[in-house]
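> Just dropping this structure here.
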Amino acid sequence: MVSALQRAKDLEHRYLHELKRREAVEEIFARQKEEIQETKRELDEIHGRHTTNIKSTIKVYEEKLAESRCFIQELQAKYDKLLHERDTALAESEELHQKNKHGARMTVTTQTSDFSLFELQQATQDYDTALKIGTGSFGSVYKGFLRNTTVAVKLLHPQSLQGQLEFHQEIVFLSRMRHPNLMTLIGSCPDAFGLVYEFLPNGSLEDQLSRKKNMPPLTWQMRTRIIGEICSALTFIHSHKPHPVVHGDLNPAKILLDINFVSNLQVSQLPKKYSTRNNTSGTSSYIDPEYLSTGELTPHSDVYSFDIIILRLLTGKSPENITTIVEDAMEKRHLHLIMDTSAGSWPFVQANQLAHLGLRCANLSGRHRPDLTGEVWGLIEPLLKAASHNYGCRRTFVARSDDTYTPPYFICPILQEVMTDPHIAADGYTYEADAIREWLDGGNARSPMTNLRLEHRELTPNRVLRSAILEGRQQQQHRR
Ligand SMILES: Nc1ncnc2c1ncn2[C@@H]1O[C@H](COP(=O)(O)OP(=O)(O)OP(=O)(O)O)[C@@H](O)[C@H]1O
C-alpha cells in the first residue's frame, strides 16, 4: 500500500515536474513565436521599403529608356535623311562625271582632229627609223606627212601613262594651250597613244645653242626676240584659269623653232621625269633650287629656269654655274668679255639689261624674283623694239670703213641709230629724244645704260652733240 502511495506521489511529482517543464517550454516557444513575428514584421517593413525604392528606380530607368528611344528614333531619322542625301549626291556626281567625260570627248573632237592608227602608220611610213626625230622619256617622235601637212608624231609609251584616261586628260590640256609661242597640237590617235604636232624644222633651242649639224649661230636680235617670246608664253600659261599652269621643266630642249626661228614652247601635264644626277644635257641646272629643297613647284620656278635661258643666250656658256660667272663679270665690269660674240655685236645697253634681268630672276628665293607680267615684260618690251629696229642690219658701236666712220657717241644706245634729236637723261647719258621718252612712258624708272634708278624724268637737249652730228653728216656728204 505504502509503496503504491509512494509511487502515486512520485508520479504526481513527476507529473508536476513535467508540467512545469512544459510550461517553461511553452513560455520559450511563445517568446520565440513573438520574436519570429517581430522579425517577420521587420522583414515585411524592410521589404516594403525596398520595393518602393526599386519601383521608383525602375520608374526613373523607364523614363530614361523612353528618352533614349526617342533620341535613337531621331538619330535614325537623321541617318536615313543623310543616307538619302548621300545617295542623291552620288547619283548627281556620277551623272556629272558622265557629262564631263562626254564633254571632254567633245572638247577633244571639237578642238583637235582624231587620226586613225592607219593614218599614223601611213604618215610615218610604218614608223620608219629614217623618219625618227628623237626619243624622250615618254616616247618617240617621228616626222610624218599627214593630210598634206608635215607633222611631228609623238608616240607615247603605253607604260608611261596610266591608261586612256591620262591620255585623254593630256589631250584636253594640250588642246587648251593655244598661243603663238606654244607648240600646237593638231590632233591625236587614242589607239596608238599618238599626239600629232605641227612640225618645227629648226630643231630645239638646245640644238641651236650647241650648234648641232653646224647650224649658223642665232644673232643677238633673234635671241632677244626668243627671250620675248618665251616670256610671253610663260605669262600666258601662268595666267591660265582656274589654276596657273607651271611648265616645271623649262630648258632650251623644250623650246622648238619653226621655219622663221619663232619659238614654240613644248608643254605637258604628264609628270616630270627629272634627273639631277647623270644628267648629260645639263637640264638639272635649269631646275629651281627652291623647288628642289621644298618640292613645291610654282610659277616662280619657271622664272628661275627662264633666267638661266637668258644668261645662256647672252653668253653661250654652259648652264652650270652660269649665274656666278655672269655675277662675277658684272662686278668686275667685264660683261663684254663673256658675251657670246657668235651672236654678233650685242649693243651694250641690251646686254647689260638682260644680264641684270637674268640675275634678278635667279634669286634663290622665289618671292624675290621679278614678276613676268609687270617688271620683266616692262624691260623686255623696249629691248624687243630695239632689236627689231636692228633686225637684219649690222649697225653696232664698231667703226666700219674709214669713209663711213660714225663716232659711237653719235649713236642712240636704245635705237642703235645715229641720233637726230639727242637729249641728256638723268643718268647723264644721251639718247634719241623719242626713244628715251618711250622708255620712260613705258613705266621704266631705271637707266637703260646703268640700270640704276633715274632720279627724275627731265630731258635736256644736247645741242653741242646735235651740231656735231649735223656737221659730221655734212662732211660725209661733201666727201661723196
Ligand atoms: N613638233 C616637233 N617638231 C620637230 N621636232 C620635234 C617636235 N616635237 C619634238 N621634237 C623633237 O623630238 C625629240 C624627242 O622629243 P620629246 O618631246 O619626245 O622628248 P624631249 O623633250 O627631248 O625629252 P623628255 O620628254 O624626256 O623631256 C626631240 O629632239 C625634240 O626636239
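Labels used: A, B, ... for chains in the order of the C-alpha cells, numbers from 1 for residues in each chain, and numbers from 1 for ligands as shown.
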Could you find all residues in region 35-134 of chain A that DSSP calls strand (DSSP E or B) from the backbone, and write them as a ChimeraX atom specification?
/A:113-114,132-134
> Compile the contact shell of Arg147 (chain A) as a PyMOL selection string: residues with an atom at most 12 Å away, counting only C-alpha atoms, same-chain residues fewer than 5 positions apart removed.
chain A and resi 113-116+119-120+122-123+186-187+196
> Kindly work out which residues sit at most 7 Å from ligand 1, using only C-alpha atoms and all ligand atoms, and give the list as a PyMOL selection string.
chain A and resi 133-141+151-152+154+183+197-201+203-204+253-254+256
> Any idea what's packed within 12 Å of Asp307 (chain A), counting only C-alpha atoms, ignoring anything in its chain fewer than 6 positions away? Could you give it as a short mmCIF file (atom, residue, chain, number, x, y, z; two decimals) with N, CA and C atoms, in the first residue's frame?

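Once everything was written out, this is out.cif:
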data_model
loop_
_atom_site.label_atom_id
_atom_site.label_comp_id
_atom_site.auth_asym_id
_atom_site.auth_seq_id
_atom_site.Cartn_x
_atom_site.Cartn_y
_atom_site.Cartn_z
N ILE A 227 63.73 85.50 -126.28
CA ILE A 227 63.50 85.80 -124.85
C ILE A 227 62.10 86.39 -124.68
N ILE A 230 59.40 83.66 -125.15
CA ILE A 230 59.27 82.74 -124.01
C ILE A 230 58.58 83.44 -122.84
N CYS A 231 58.94 84.72 -122.66
CA CYS A 231 58.30 85.49 -121.59
C CYS A 231 56.79 85.55 -121.84
N LEU A 250 61.30 73.80 -117.79
CA LEU A 250 61.71 74.75 -118.84
C LEU A 250 63.21 74.69 -119.07
N ASN A 251 63.58 74.39 -120.30
CA ASN A 251 65.01 74.41 -120.68
C ASN A 251 65.06 74.50 -122.21
N PRO A 252 66.22 74.82 -122.79
CA PRO A 252 66.25 75.05 -124.25
C PRO A 252 65.80 73.86 -125.10
N SER A 285 70.52 72.06 -114.33
CA SER A 285 70.92 73.43 -113.98
C SER A 285 69.77 74.41 -114.13
N TYR A 286 68.73 74.01 -114.86
CA TYR A 286 67.60 74.91 -115.07
C TYR A 286 66.54 74.75 -113.99
N ILE A 287 66.69 73.71 -113.14
CA ILE A 287 65.66 73.45 -112.13
C ILE A 287 65.82 74.39 -110.95
N ASP A 288 64.72 75.00 -110.56
CA ASP A 288 64.70 75.95 -109.45
C ASP A 288 65.23 75.29 -108.16
N HIS A 300 57.15 80.84 -109.98
CA HIS A 300 58.50 81.38 -109.73
C HIS A 300 59.58 80.40 -110.20
N SER A 301 59.23 79.09 -110.16
CA SER A 301 60.22 78.08 -110.58
C SER A 301 60.53 78.27 -112.06
N LEU A 313 71.64 82.47 -123.48
CA LEU A 313 71.54 83.12 -124.79
C LEU A 313 72.53 84.27 -124.88
N LEU A 314 72.73 84.93 -123.76
CA LEU A 314 73.63 86.09 -123.73
C LEU A 314 75.10 85.68 -123.84
N PRO A 319 75.15 75.89 -118.92
CA PRO A 319 74.29 76.42 -117.84
C PRO A 319 74.87 76.25 -116.44
N ILE A 322 76.37 79.31 -114.34
CA ILE A 322 76.32 80.48 -115.23
C ILE A 322 76.03 81.76 -114.45
N THR A 323 75.18 81.67 -113.41
CA THR A 323 74.85 82.90 -112.67
C THR A 323 76.10 83.45 -111.97
N VAL A 326 78.29 85.19 -114.57
CA VAL A 326 77.78 86.50 -115.00
C VAL A 326 77.89 87.51 -113.85
N LEU A 354 69.80 92.71 -120.02
CA LEU A 354 69.44 91.29 -119.96
C LEU A 354 70.20 90.60 -118.83
N ALA A 355 71.47 90.96 -118.68
CA ALA A 355 72.26 90.34 -117.60
C ALA A 355 71.66 90.69 -116.24
N HIS A 356 71.30 91.97 -116.06
CA HIS A 356 70.69 92.39 -114.80
C HIS A 356 69.39 91.62 -114.56
N LEU A 357 68.59 91.54 -115.62
CA LEU A 357 67.30 90.85 -115.51
C LEU A 357 67.51 89.39 -115.13
N GLY A 358 68.45 88.75 -115.85
CA GLY A 358 68.74 87.34 -115.59
C GLY A 358 69.14 87.13 -114.14
N LEU A 359 70.01 87.96 -113.65
CA LEU A 359 70.48 87.77 -112.27
C LEU A 359 69.36 87.97 -111.26
N ARG A 360 68.46 88.90 -111.54
CA ARG A 360 67.34 89.11 -110.60
C ARG A 360 66.40 87.91 -110.62
N CYS A 361 66.18 87.34 -111.81
CA CYS A 361 65.29 86.17 -111.91
C CYS A 361 65.91 84.97 -111.20
N ALA A 362 67.25 84.99 -111.06
CA ALA A 362 67.93 83.83 -110.46
C ALA A 362 67.98 83.90 -108.96
N ASN A 363 67.30 84.87 -108.37
CA ASN A 363 67.30 84.96 -106.91
C ASN A 363 66.89 83.62 -106.30
N LEU A 364 67.65 83.17 -105.29
CA LEU A 364 67.37 81.83 -104.74
C LEU A 364 65.99 81.75 -104.10
N ARG A 369 61.97 86.97 -106.91
CA ARG A 369 62.18 87.01 -108.37
C ARG A 369 61.16 87.97 -108.97
N PRO A 370 61.56 88.72 -110.02
CA PRO A 370 60.60 89.70 -110.56
C PRO A 370 59.40 89.03 -111.23
N LEU A 372 56.73 88.36 -114.10
CA LEU A 372 56.86 88.34 -115.57
C LEU A 372 55.99 89.37 -116.26
N VAL A 376 59.26 92.26 -115.65
CA VAL A 376 60.10 91.63 -116.69
C VAL A 376 59.65 92.08 -118.08
#
> Find the residues near Thr235 (chain A): any atom within 12 Å, counting only C-alpha atoms, skip ones fewer than 3 places away on the same chain, and give them as number ranges by chain.
A: 179, 181-182, 228-232, 238-240, 244-247, 299-300, 302-303, 306, 371-377
> Counting only C-alpha atoms, what is within 8 Å of Asn444 (chain A), bar same-chain residues fewer than 5 positions away, as a list of chain:residue names?
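That gives A:Gly378, A:Leu379, A:Trp439.
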> Quick one: distance from CA of Ile325 (chain A) to CA of Asn352 (chain A) in Å, one decimal?
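So the two atoms, CA of Ile325 (chain A) and CA of Asn352 (chain A), lie 14.2 Å apart.
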> One decimal, Å: what's the distance from CA of Leu270 (chain A) over to CA of Gly295 (chain A), could you say?
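Interatomic distance here is 16.7 Å.
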> Tell me, in Å to one decimal, how far CA of Ala433 (chain A) is from CA of Pro448 (chain A).
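A separation of 13.4 Å between them.
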> Mind listing the helix (DSSP H, G or I) residues of region 110-290 of chain A, per DSSP on the backbone, as an MDAnalysis selection string?
chainID A and resid 110:111 117:123 129:131 158:160 163:176 190:192 205:209 212:214 220:238 252:254 283:286 289:290
> Using only C-alpha atoms, determine which residues lie at most 10 Å from Ala425 (chain A), disregarding the query and same-chain residues fewer than 4 positions distant; provide the list as number ranges by chain.
A: 429-431, 433, 436-437, 447, 454-462
> I need the residue nearest Gly428 (chain A) from this list: A:Met449, A:Leu292, A:Ile171, A:Ile414. Use only C-alpha atoms for the distance.
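Of A:Met449, A:Leu292, A:Ile171, A:Ile414, the one nearest Gly428 (chain A), counting only C-alpha atoms, is A:Met449.
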